[in-house]
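Undergrad: Just so it is clear, I am handing over work18.tsv, which has TSV, C-alpha atoms.
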chain	number	residue	atom	x	y	z
I	1	MET	CA	25.02	1.41	-13.41
I	2	SER	CA	25.11	4.49	-15.54
I	3	GLN	CA	25.41	8.05	-14.43
I	4	ASP	CA	22.24	10.10	-14.34
I	5	HIS	CA	21.57	12.19	-17.45
I	6	ASN	CA	20.78	15.21	-15.37
I	7	GLN	CA	24.13	15.25	-13.75
I	8	THR	CA	27.20	16.56	-15.45
I	9	PRO	CA	29.95	15.91	-12.98
I	10	SER	CA	33.06	17.88	-13.58
I	11	PRO	CA	36.10	15.87	-14.67
I	12	GLY	CA	37.71	16.77	-11.40
I	13	ARG	CA	34.96	15.25	-9.27
I	14	ARG	CA	34.78	12.15	-11.43
I	15	ALA	CA	38.53	11.73	-11.08
I	16	LEU	CA	38.20	12.14	-7.35
I	17	ILE	CA	35.69	9.30	-7.11
I	18	ALA	CA	37.29	6.99	-9.67
I	19	GLY	CA	40.72	7.69	-8.33
I	20	GLY	CA	40.07	5.58	-5.28
I	21	ALA	CA	39.50	8.44	-2.90
I	22	ALA	CA	37.03	6.28	-1.00
I	23	ALA	CA	38.72	7.04	2.28
I	24	ALA	CA	38.23	10.73	1.69
I	25	LEU	CA	34.57	10.11	0.75
I	26	GLY	CA	33.98	8.28	3.98
I	27	VAL	CA	35.01	11.33	5.91
I	28	LEU	CA	33.71	14.19	3.84
I	29	LEU	CA	30.98	13.77	1.23
I	30	ALA	CA	30.71	17.34	0.10
I	31	PRO	CA	31.59	20.60	1.75
I	32	GLY	CA	29.86	20.62	5.09
I	33	ILE	CA	28.22	17.19	4.89
I	34	ARG	CA	29.63	14.16	6.61
I	35	LEU	CA	28.25	10.67	6.16
I	36	ILE	CA	27.50	10.22	9.83
I	37	GLU	CA	25.29	13.30	9.70
I	38	VAL	CA	23.20	11.79	6.90
I	39	GLY	CA	22.13	8.90	9.06
I	40	GLN	CA	21.48	10.96	12.15
I	41	ALA	CA	19.48	13.60	10.32
I	42	ASN	CA	17.34	10.96	8.63
I	43	ALA	CA	16.40	9.41	11.93
I	44	ALA	CA	15.37	12.81	13.22
I	45	GLU	CA	13.40	13.84	10.15
I	46	GLY	CA	9.72	13.00	10.27
I	47	VAL	CA	7.24	13.13	7.42
I	48	ALA	CA	4.31	15.50	7.79
I	49	ALA	CA	1.04	13.61	8.13
I	50	ARG	CA	-1.80	14.68	5.86
I	51	ALA	CA	-5.00	15.82	7.54
I	52	PRO	CA	-7.92	13.37	7.34
I	53	GLY	CA	-10.07	13.91	4.26
I	54	THR	CA	-7.32	15.52	2.19
I	55	THR	CA	-5.97	13.75	-0.86
I	56	ALA	CA	-2.42	13.13	-2.04
I	57	SER	CA	-1.01	16.22	-3.71
I	58	SER	CA	1.13	16.48	-6.82
I	59	ALA	CA	3.06	19.24	-5.06
I	60	VAL	CA	4.83	16.41	-3.22
I	61	ARG	CA	6.97	13.73	-4.80
I	62	TRP	CA	8.08	11.05	-2.41
I	63	GLY	CA	11.44	9.50	-3.00
I	64	MET	CA	14.37	7.77	-1.39
I	65	LEU	CA	18.11	8.14	-1.47
I	66	ILE	CA	19.96	4.90	-0.80
I	67	ASP	CA	23.56	5.29	0.24
I	68	ALA	CA	25.28	2.07	-0.83
I	69	THR	CA	28.49	3.11	0.89
I	70	ARG	CA	26.73	2.61	4.22
I	71	CYS	CA	25.04	-0.65	3.20
I	72	SER	CA	26.66	-3.95	4.11
I	73	SER	CA	26.05	-7.07	2.05
I	74	GLU	CA	25.49	-9.15	5.20
I	75	CYS	CA	22.70	-6.90	6.49
I	76	ASP	CA	19.11	-7.49	5.43
I	77	ALA	CA	17.33	-5.40	8.06
I	78	CYS	CA	15.35	-3.52	5.41
I	79	VAL	CA	14.16	-6.73	3.79
I	80	SER	CA	13.04	-8.35	7.03
I	81	ALA	CA	11.38	-5.13	8.19
I	82	CYS	CA	9.47	-5.01	4.92
I	83	ASN	CA	8.44	-8.66	5.27
I	84	ARG	CA	7.15	-8.01	8.78
I	85	GLU	CA	5.36	-4.81	7.83
I	86	VAL	CA	3.44	-6.20	4.87
I	87	GLY	CA	3.15	-9.83	5.97
I	88	LEU	CA	5.43	-11.54	3.45
I	89	SER	CA	6.70	-15.05	4.13
I	90	GLY	CA	10.33	-14.07	3.53
I	91	GLY	CA	10.75	-16.88	1.03
I	92	THR	CA	12.89	-16.24	-2.04
I	93	ALA	CA	11.52	-18.91	-4.38
I	94	PRO	CA	10.37	-17.72	-7.82
I	95	THR	CA	6.75	-17.92	-6.65
I	96	ASP	CA	7.31	-16.01	-3.39
I	97	SER	CA	6.55	-12.32	-3.19
I	98	GLN	CA	9.55	-10.10	-2.59
I	99	TRP	CA	8.99	-6.37	-2.30
I	100	VAL	CA	12.61	-5.52	-1.49
I	101	ARG	CA	15.68	-7.50	-2.50
I	102	LYS	CA	19.24	-7.00	-1.36
I	103	ILE	CA	21.58	-7.06	-4.36
I	104	ASP	CA	25.34	-7.24	-4.43
I	105	LEU	CA	27.15	-5.47	-7.23
I	106	LYS	CA	30.67	-5.90	-8.45
I	107	ASP	CA	32.42	-3.84	-11.06
I	108	LEU	CA	34.27	-6.53	-13.00
I	109	ARG	CA	36.84	-4.06	-14.30
I	110	THR	CA	37.85	-2.55	-10.99
I	111	GLY	CA	36.60	-5.15	-8.52
I	112	LYS	CA	34.71	-2.51	-6.55
I	113	GLN	CA	31.84	-4.08	-4.66
I	114	ALA	CA	28.64	-2.55	-3.40
I	115	SER	CA	25.42	-3.75	-1.85
I	116	ALA	CA	22.04	-2.05	-1.87
I	117	PRO	CA	18.33	-2.78	-1.54
I	118	MET	CA	16.39	-2.86	-4.79
I	119	MET	CA	12.65	-2.35	-4.97
I	120	CYS	CA	10.00	-0.53	-6.98
I	121	GLN	CA	11.76	2.64	-8.17
I	122	HIS	CA	8.51	4.65	-8.23
I	123	CYS	CA	9.17	6.03	-11.69
I	124	ALA	CA	7.70	9.31	-12.88
I	125	ASN	CA	7.04	7.57	-16.21
I	126	PRO	CA	6.29	4.03	-15.05
I	127	PRO	CA	6.23	1.35	-17.77
I	128	CYS	CA	4.02	-0.85	-15.55
I	129	VAL	CA	1.29	1.79	-15.79
I	130	ASP	CA	1.69	2.07	-19.56
I	131	VAL	CA	1.10	-1.63	-20.16
I	132	CYS	CA	-1.67	-2.31	-17.62
I	133	PRO	CA	-4.81	-3.27	-19.56
I	134	THR	CA	-7.25	-2.48	-16.73
I	135	GLY	CA	-5.77	0.65	-15.20
I	136	ALA	CA	-4.99	-1.26	-12.02
I	137	SER	CA	-1.34	-0.20	-12.08
I	138	PHE	CA	-1.32	3.52	-11.43
I	139	LYS	CA	0.75	6.39	-10.12
I	140	ARG	CA	-0.64	8.39	-7.25
I	141	ALA	CA	-0.47	12.20	-7.38
I	142	ASP	CA	2.49	12.21	-5.00
I	143	GLY	CA	4.51	9.89	-7.23
I	144	ILE	CA	3.92	6.56	-5.47
I	145	VAL	CA	3.29	3.74	-7.97
I	146	LEU	CA	0.69	1.26	-6.73
I	147	VAL	CA	-1.46	-1.68	-7.82
I	148	ASP	CA	-5.22	-1.35	-7.35
I	149	ARG	CA	-6.02	-4.96	-6.51
I	150	HIS	CA	-9.71	-4.28	-7.04
I	151	ALA	CA	-8.95	-3.86	-10.74
I	152	CYS	CA	-5.93	-6.18	-11.13
I	153	ILE	CA	-6.71	-9.26	-13.22
I	154	GLY	CA	-3.31	-10.87	-12.64
I	155	CYS	CA	-2.15	-10.72	-16.27
I	156	ARG	CA	1.39	-9.86	-15.14
I	157	TYR	CA	2.13	-7.53	-18.07
I	158	CYS	CA	3.55	-5.07	-15.53
I	159	MET	CA	5.98	-7.69	-14.26
I	160	MET	CA	7.26	-8.08	-17.81
I	161	ALA	CA	7.44	-4.34	-18.37
I	162	CYS	CA	9.30	-3.45	-15.18
I	163	PRO	CA	13.05	-3.19	-15.79
I	164	TYR	CA	13.74	-3.52	-12.06
I	165	LYS	CA	11.98	-6.86	-11.47
I	166	ALA	CA	10.13	-5.07	-8.72
I	167	ARG	CA	6.74	-6.75	-8.88
I	168	SER	CA	5.61	-10.13	-7.62
I	169	PHE	CA	2.55	-12.24	-8.29
I	170	VAL	CA	0.66	-13.91	-5.45
I	171	HIS	CA	0.27	-17.57	-6.39
I	172	GLU	CA	-1.27	-19.04	-3.26
I	173	PRO	CA	-4.26	-18.08	-1.12
I	174	LEU	CA	-3.26	-15.91	1.85
I	175	ALA	CA	-4.81	-15.79	5.29
I	176	GLU	CA	-2.91	-13.60	7.72
I	177	GLN	CA	-2.73	-10.25	5.96
I	178	THR	CA	-2.05	-7.20	8.05
I	179	PRO	CA	-5.07	-4.86	8.30
I	180	GLU	CA	-3.31	-1.97	6.57
I	181	VAL	CA	-1.79	-4.00	3.73
I	182	PRO	CA	-4.42	-6.10	1.97
I	183	ARG	CA	-2.90	-8.80	-0.25
I	184	GLY	CA	-4.50	-11.61	-2.15
I	185	LYS	CA	-4.06	-14.48	-4.55
I	186	GLY	CA	-4.22	-13.65	-8.25
I	187	CYS	CA	-2.94	-10.09	-7.98
I	188	VAL	CA	0.39	-8.47	-8.71
I	189	GLU	CA	2.01	-6.52	-5.90
I	190	GLY	CA	5.12	-4.56	-5.13
I	191	CYS	CA	6.67	-1.96	-2.87
I	192	THR	CA	4.09	0.69	-1.96
I	193	LEU	CA	6.70	2.98	-0.40
I	194	CYS	CA	4.75	2.08	2.78
I	195	VAL	CA	1.97	4.37	1.63
I	196	HIS	CA	-0.12	3.54	4.72
I	197	ARG	CA	2.69	4.76	6.97
I	198	VAL	CA	3.63	7.78	4.89
I	199	ASP	CA	0.02	9.02	4.84
I	200	ALA	CA	0.00	8.74	8.62
I	201	GLY	CA	3.23	10.71	8.95
I	202	ARG	CA	5.58	7.81	9.55
I	203	LEU	CA	8.69	6.72	7.66
I	204	PRO	CA	8.62	3.55	5.52
I	205	ALA	CA	9.47	0.38	7.43
I	206	CYS	CA	12.80	-0.17	5.64
I	207	VAL	CA	13.95	3.38	6.37
I	208	GLU	CA	13.08	3.00	10.02
I	209	ALA	CA	14.83	-0.38	10.25
I	210	CYS	CA	18.11	0.50	8.55
I	211	PRO	CA	20.76	0.37	11.28
I	212	THR	CA	23.19	2.65	9.46
I	213	GLY	CA	20.70	5.23	8.23
I	214	ALA	CA	21.60	4.41	4.63
I	215	ILE	CA	18.10	5.20	3.37
I	216	VAL	CA	16.84	8.78	3.36
I	217	PHE	CA	13.13	9.24	2.66
I	218	GLY	CA	11.50	12.53	1.80
I	219	ASP	CA	9.91	14.94	-0.65
I	220	LEU	CA	11.96	15.40	-3.82
I	221	ASN	CA	9.91	18.47	-4.77
I	222	ASP	CA	10.73	20.35	-1.59
I	223	PRO	CA	14.14	22.00	-2.03
I	224	ASP	CA	14.58	22.22	1.74
I	225	SER	CA	13.89	18.56	2.51
I	226	LEU	CA	16.82	16.47	3.67
I	227	ILE	CA	16.69	14.26	0.60
I	228	SER	CA	16.76	17.25	-1.75
I	229	GLN	CA	19.70	18.73	0.09
I	230	ARG	CA	21.55	15.42	-0.12
I	231	ILE	CA	20.98	14.80	-3.81
I	232	ARG	CA	22.04	18.38	-4.49
I	233	SER	CA	25.32	17.92	-2.70
I	234	ILE	CA	26.44	14.34	-3.31
I	235	PRO	CA	26.62	12.42	-6.60
I	236	THR	CA	23.65	10.12	-6.99
I	237	THR	CA	22.41	7.92	-9.81
I	238	GLN	CA	19.13	6.53	-11.00
I	239	VAL	CA	19.38	2.86	-11.91
I	240	ARG	CA	19.01	2.51	-15.67
I	241	ALA	CA	18.74	6.25	-16.08
I	242	ASP	CA	19.14	5.60	-19.82
I	243	LEU	CA	15.51	4.44	-19.90
I	244	GLY	CA	14.35	7.93	-18.98
I	245	LEU	CA	11.87	6.72	-16.38
I	246	ASP	CA	12.88	9.36	-13.82
I	247	THR	CA	12.90	7.09	-10.80
I	248	GLY	CA	11.97	8.33	-7.35
I	249	ILE	CA	14.63	6.09	-5.77
I	250	ARG	CA	18.18	7.33	-6.16
I	251	TYR	CA	21.44	5.60	-5.24
I	252	HIS	CA	24.76	6.89	-4.01
I	253	GLY	CA	27.92	4.83	-4.29
I	254	ILE	CA	26.92	2.19	-6.84
X	1	MET	CA	-67.37	-9.15	-13.41
X	2	THR	CA	-65.51	-8.40	-16.60
X	3	PRO	CA	-62.30	-10.30	-17.32
X	4	THR	CA	-60.30	-7.08	-16.85
X	5	ALA	CA	-61.79	-6.40	-13.43
X	6	PHE	CA	-61.10	-10.02	-12.45
X	7	ALA	CA	-57.47	-9.67	-13.51
X	8	ARG	CA	-57.17	-6.50	-11.43
X	9	LEU	CA	-58.54	-8.30	-8.39
X	10	ILE	CA	-56.04	-11.13	-8.80
X	11	LEU	CA	-53.18	-8.63	-9.18
X	12	ALA	CA	-54.28	-6.79	-6.05
X	13	ALA	CA	-54.36	-10.07	-4.14
X	14	VAL	CA	-50.87	-10.95	-5.37
X	15	HIS	CA	-49.54	-7.54	-4.31
X	16	LEU	CA	-51.17	-7.89	-0.88
X	17	CYS	CA	-49.52	-11.27	-0.38
X	18	ALA	CA	-46.17	-9.88	-1.50
X	19	ALA	CA	-46.49	-6.99	0.91
X	20	LEU	CA	-47.28	-9.28	3.81
X	21	ALA	CA	-44.72	-11.93	2.94
X	22	PRO	CA	-41.70	-10.58	4.87
X	23	ALA	CA	-43.79	-10.10	7.99
X	24	GLY	CA	-45.20	-13.61	7.53
X	25	VAL	CA	-41.72	-15.09	7.25
X	26	ALA	CA	-40.51	-13.19	10.27
X	27	HIS	CA	-43.40	-14.37	12.43
X	28	ALA	CA	-44.09	-17.86	11.21
X	29	GLY	CA	-40.51	-18.70	10.24
X	30	GLY	CA	-39.89	-19.42	6.56
X	31	ARG	CA	-37.74	-22.15	5.19
X	32	VAL	CA	-34.78	-19.83	5.53
X	33	PRO	CA	-34.58	-18.18	8.94
X	34	THR	CA	-33.94	-14.45	8.88
X	35	PRO	CA	-30.48	-13.61	10.12
X	36	GLU	CA	-29.95	-12.57	13.69
X	37	VAL	CA	-27.51	-9.70	13.48
X	38	ARG	CA	-25.61	-9.17	16.68
X	39	ILE	CA	-24.06	-5.73	17.08
X	40	GLU	CA	-20.91	-6.16	19.10
X	41	ALA	CA	-20.01	-2.49	19.18
X	42	GLY	CA	-20.25	-0.60	22.43
X	43	THR	CA	-22.41	2.46	22.95
X	44	GLU	CA	-21.18	4.29	19.88
X	45	SER	CA	-23.63	4.47	17.00
X	46	CYS	CA	-22.78	3.51	13.44
X	47	ILE	CA	-21.90	6.12	10.82
X	48	ALA	CA	-25.46	6.00	9.42
X	49	PRO	CA	-28.86	4.59	10.49
X	50	PRO	CA	-29.28	0.81	10.04
X	51	ASP	CA	-31.67	1.15	7.09
X	52	GLU	CA	-29.21	3.24	5.17
X	53	MET	CA	-26.31	0.97	6.09
X	54	ARG	CA	-28.21	-2.14	4.96
X	55	ARG	CA	-29.03	-0.65	1.59
X	56	ASN	CA	-25.94	1.41	0.85
X	57	HIS	CA	-22.92	-0.05	2.66
X	58	MET	CA	-21.59	-1.67	-0.49
X	59	ASP	CA	-21.68	1.60	-2.43
X	60	MET	CA	-20.12	3.48	0.45
X	61	LEU	CA	-17.26	1.00	0.60
X	62	ARG	CA	-16.78	0.86	-3.15
X	63	HIS	CA	-16.57	4.61	-3.57
X	64	GLN	CA	-14.38	5.10	-0.54
X	65	ARG	CA	-11.92	2.40	-1.57
X	66	ASP	CA	-11.15	4.32	-4.75
X	67	ARG	CA	-10.75	7.59	-2.89
X	68	THR	CA	-8.48	5.97	-0.33
X	69	LEU	CA	-6.32	3.92	-2.67
X	70	ARG	CA	-6.14	6.15	-5.74
X	71	GLU	CA	-6.32	9.60	-4.17
X	72	GLY	CA	-4.79	8.78	-0.81
X	73	GLU	CA	-7.66	10.06	1.33
X	74	ARG	CA	-7.23	8.77	4.88
X	75	GLY	CA	-9.31	9.03	8.02
X	76	ALA	CA	-12.55	9.08	6.04
X	77	ARG	CA	-15.96	8.48	7.62
X	78	VAL	CA	-16.39	5.25	5.67
X	79	SER	CA	-13.68	2.66	6.21
X	80	LEU	CA	-13.61	-1.12	6.02
X	81	ASN	CA	-11.24	-1.25	8.96
X	82	GLY	CA	-13.73	0.96	10.81
X	83	CYS	CA	-16.52	-1.59	10.14
X	84	ILE	CA	-14.30	-4.37	11.42
X	85	ALA	CA	-13.19	-2.47	14.51
X	86	CYS	CA	-16.79	-2.23	15.76
X	87	HIS	CA	-18.46	-5.27	14.26
X	88	ALA	CA	-15.88	-8.02	14.71
X	89	SER	CA	-17.41	-10.83	16.72
X	90	ARG	CA	-16.17	-11.36	20.25
X	91	ALA	CA	-16.05	-15.09	19.67
X	92	THR	CA	-13.93	-15.17	16.50
X	93	GLY	CA	-12.53	-11.62	16.52
X	94	SER	CA	-13.61	-11.40	12.89
X	95	VAL	CA	-16.51	-10.18	10.75
X	96	ALA	CA	-16.39	-13.10	8.37
X	97	ALA	CA	-14.76	-16.13	9.99
X	98	GLY	CA	-17.92	-18.01	10.90
X	99	PRO	CA	-21.58	-18.14	9.80
X	100	LYS	CA	-22.67	-16.02	12.76
X	101	ASP	CA	-20.14	-13.26	12.21
X	102	PHE	CA	-21.49	-9.84	11.30
X	103	CYS	CA	-20.92	-9.71	7.53
X	104	GLU	CA	-21.37	-13.41	6.94
X	105	THR	CA	-24.81	-13.58	8.61
X	106	CYS	CA	-26.60	-11.41	6.06
X	107	HIS	CA	-24.45	-12.32	3.08
X	108	ALA	CA	-25.29	-15.99	3.55
X	109	TYR	CA	-28.99	-15.14	3.87
X	110	ALA	CA	-28.95	-12.97	0.74
X	111	ALA	CA	-26.68	-15.43	-1.12
X	112	VAL	CA	-24.28	-12.63	-2.04
X	113	LYS	CA	-20.68	-13.77	-2.21
X	114	LEU	CA	-18.42	-11.74	0.03
X	115	ASP	CA	-14.96	-11.39	-1.48
X	116	CYS	CA	-13.57	-8.39	0.44
X	117	PHE	CA	-11.78	-10.70	2.82
X	118	GLU	CA	-9.88	-12.68	0.21
X	119	CYS	CA	-7.41	-9.77	0.40
X	120	HIS	CA	-8.48	-7.68	3.39
X	121	GLN	CA	-7.96	-8.86	6.95
X	122	ALA	CA	-11.36	-9.66	8.49
X	123	LYS	CA	-10.04	-9.71	12.03
X	124	SER	CA	-10.03	-6.53	14.01
X	125	ALA	CA	-6.68	-4.80	14.28
X	126	SER	CA	-4.71	-5.30	17.46
X	127	ARG	CA	-4.82	-1.60	18.11
X	128	PRO	CA	-8.18	0.18	18.20
X	129	MET	CA	-9.09	2.38	15.25
X	130	ALA	CA	-9.65	5.40	17.47
X	131	ALA	CA	-5.97	5.38	18.36
X	132	ALA	CA	-4.95	5.05	14.72
X	133	ALA	CA	-7.17	7.98	13.70
X	134	GLY	CA	-5.60	10.01	16.48
X	135	ALA	CA	-2.14	9.30	15.13
X	136	ILE	CA	-3.12	10.61	11.69
X	137	ARG	CA	-4.31	13.87	13.20
Using the file provided, produce a representation of the structure as structure tokens.
TA:
Amino acid sequence: MSQDHNQTPSPGRRALIAGGAAAALGVLLAPGIRLIEVGQANAAEGVAARAPGTTASSAVRWGMLIDATRCSSECDACVSACNREVGLSGGTAPTDSQWVRKIDLKDLRTGKQASAPMMCQHCANPPCVDVCPTGASFKRADGIVLVDRHACIGCRYCMMACPYKARSFVHEPLAEQTPEVPRGKGCVEGCTLCVHRVDAGRLPACVEACPTGAIVFGDLNDPDSLISQRIRSIPTTQVRADLGLDTGIRYHGI
Amino acid sequence: MTPTAFARLILAAVHLCAALAPAGVAHAGGRVPTPEVRIEAGTESCIAPPDEMRRNHMDMLRHQRDRTLREGERGARVSLNGCIACHASRATGSVAAGPKDFCETCHAYAAVKLDCFECHQAKSASRPMAAAAGAIR
């Protein structure tokens, strides 16, 4: 995983991280911020619900910060919460839909291991939208990348274009969809950042389910939001930042 | 009687028959019985009068779906889940599970394929829509 272009960590800070100061990190992330506070604050922070009749605004950009240092490879609470929320079977066969995957990483040189959930990264410049021939794959004003199933013809170009393997195709007819998450055979689908919950002022299901508070959800455009404060004060990376997609999901500790 | 006048008379007769036809079917019973639409909702009235709903519900839903999905408008007057919350049948809990369910009744009569529910859930949500709308506000 490469370092974000936007960040120019000082040699001192890089040395601190690379130098195996993990114990120090666990205690103190940055001046004044302790890891335990991240989780507690996230649980307390709500998302403001939009009034009925108003539309999503480009003044907001929803995003997530995933703290891999708090994420255990045995835990899949976020994945099962997602499956429950959107009505996925939970199967991991190539033809099963998976909106969130847990991935384990290992730096072969140093042996450092990390685990983190991987899902649609809600890019500012999404390649899935570029390639979609019908305009079904689109980015909402507030940065959430979605599939309009009314227009999706199931060509799966977006699945090819996505560098994060974030989209799935529904191969079989479905019956027991949840009322707020329509899904159907012949369409491509992926993480919606729980758009139905966010619009109603609730946190995404995975954020709510995470037992260690490793996922912070919030508005990246608001300098006072918890997520903005965190990404200002701790080193975070975008996965494949070299592609210049400007992802809305950021990771710490991978 | 000139041929033109005769043609006019025939046309008038045809129009008269056409005008009477629906009433005739309703009274005498045509080959296809007119649907019996049961309204399962309580005392609340629909979002528009029945005539307007019959003619325009598909346009209402089509326009609103784009506003909801693409622009993120929530809590709108028109909503498919709102239809289902009121019109789901007491027997099946759905608007499209059986031939006597609300949507299916007319769509079968008009031979218009209903494909909303290949993706959308046709059963009413476990929690009432009024509560959900309250949560948004």
Undergrad: Might you pull out every residue within 10 Å of range 107-113 of chain X, with only C-alpha atoms counted and same-chain residues fewer than 3 positions away left off, and present them as a PyMOL selection string?
TA: chain X and resi 32-35+96+99-100+102-104+116
Undergrad: Filtering to C-alpha atoms, could you give me those residues as a PDB file, keeping the file's coordinate frame?
TA:
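Final output, saved to again24.pdb:
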ATOM      1  CA  VAL X  32     -34.780 -19.830   5.530  1.00  0.00           C
ATOM      2  CA  PRO X  33     -34.580 -18.180   8.940  1.00  0.00           C
ATOM      3  CA  THR X  34     -33.940 -14.450   8.880  1.00  0.00           C
ATOM      4  CA  PRO X  35     -30.480 -13.610  10.120  1.00  0.00           C
ATOM      5  CA  ALA X  96     -16.390 -13.100   8.370  1.00  0.00           C
ATOM      6  CA  PRO X  99     -21.580 -18.140   9.800  1.00  0.00           C
ATOM      7  CA  LYS X 100     -22.670 -16.020  12.760  1.00  0.00           C
ATOM      8  CA  PHE X 102     -21.490  -9.840  11.300  1.00  0.00           C
ATOM      9  CA  CYS X 103     -20.920  -9.710   7.530  1.00  0.00           C
ATOM     10  CA  GLU X 104     -21.370 -13.410   6.940  1.00  0.00           C
ATOM     11  CA  CYS X 116     -13.570  -8.390   0.440  1.00  0.00           C
TER      12      CYS X 116
END
Undergrad: What are the residues of chain I lining chain X at 6 Å or less? Count only C-alpha atoms, and put the answer as number ranges by chain.
TA: I: 52-56, 177, 179, 182-184, 200
Undergrad: Neighbouring residues of Ile47 in chain X were defined as those with any atom within 10 Å, considering only C-alpha atoms; residues of the same chain fewer than 4 positions away were excluded. Please report them as a PyMOL selection string.
TA: chain X and resi 52-53+77-78+82-83
Undergrad: Measure the distance from CA of Leu220 in chain I to CA of Ser233 in chain I in Å and round it to one decimal.
TA: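 We find that CA of Leu220 in chain I and CA of Ser233 in chain I lie 13.6 Å from each other.
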Undergrad: Grab the CA of Met159 in chain I to CA of Thr69 in chain I distance for me, in Å with one decimal place.
TA: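 If I compute the distance from CA of Met159 in chain I to CA of Thr69 in chain I, I get 29.2 Å.
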Undergrad: Interatomic distance between CA of Arg54 in chain X and CA of Asp101 in chain X?
TA: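 So the two atoms, CA of Arg54 in chain X and CA of Asp101 in chain X, lie 15.5 Å apart.
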Undergrad: I need the residue nearest Ile234 in chain I from this list: I:Ala93, I:Ala49, I:Cys128, I:Gly253. Use all atoms listed in the file for the distance.
TA: I:Gly253
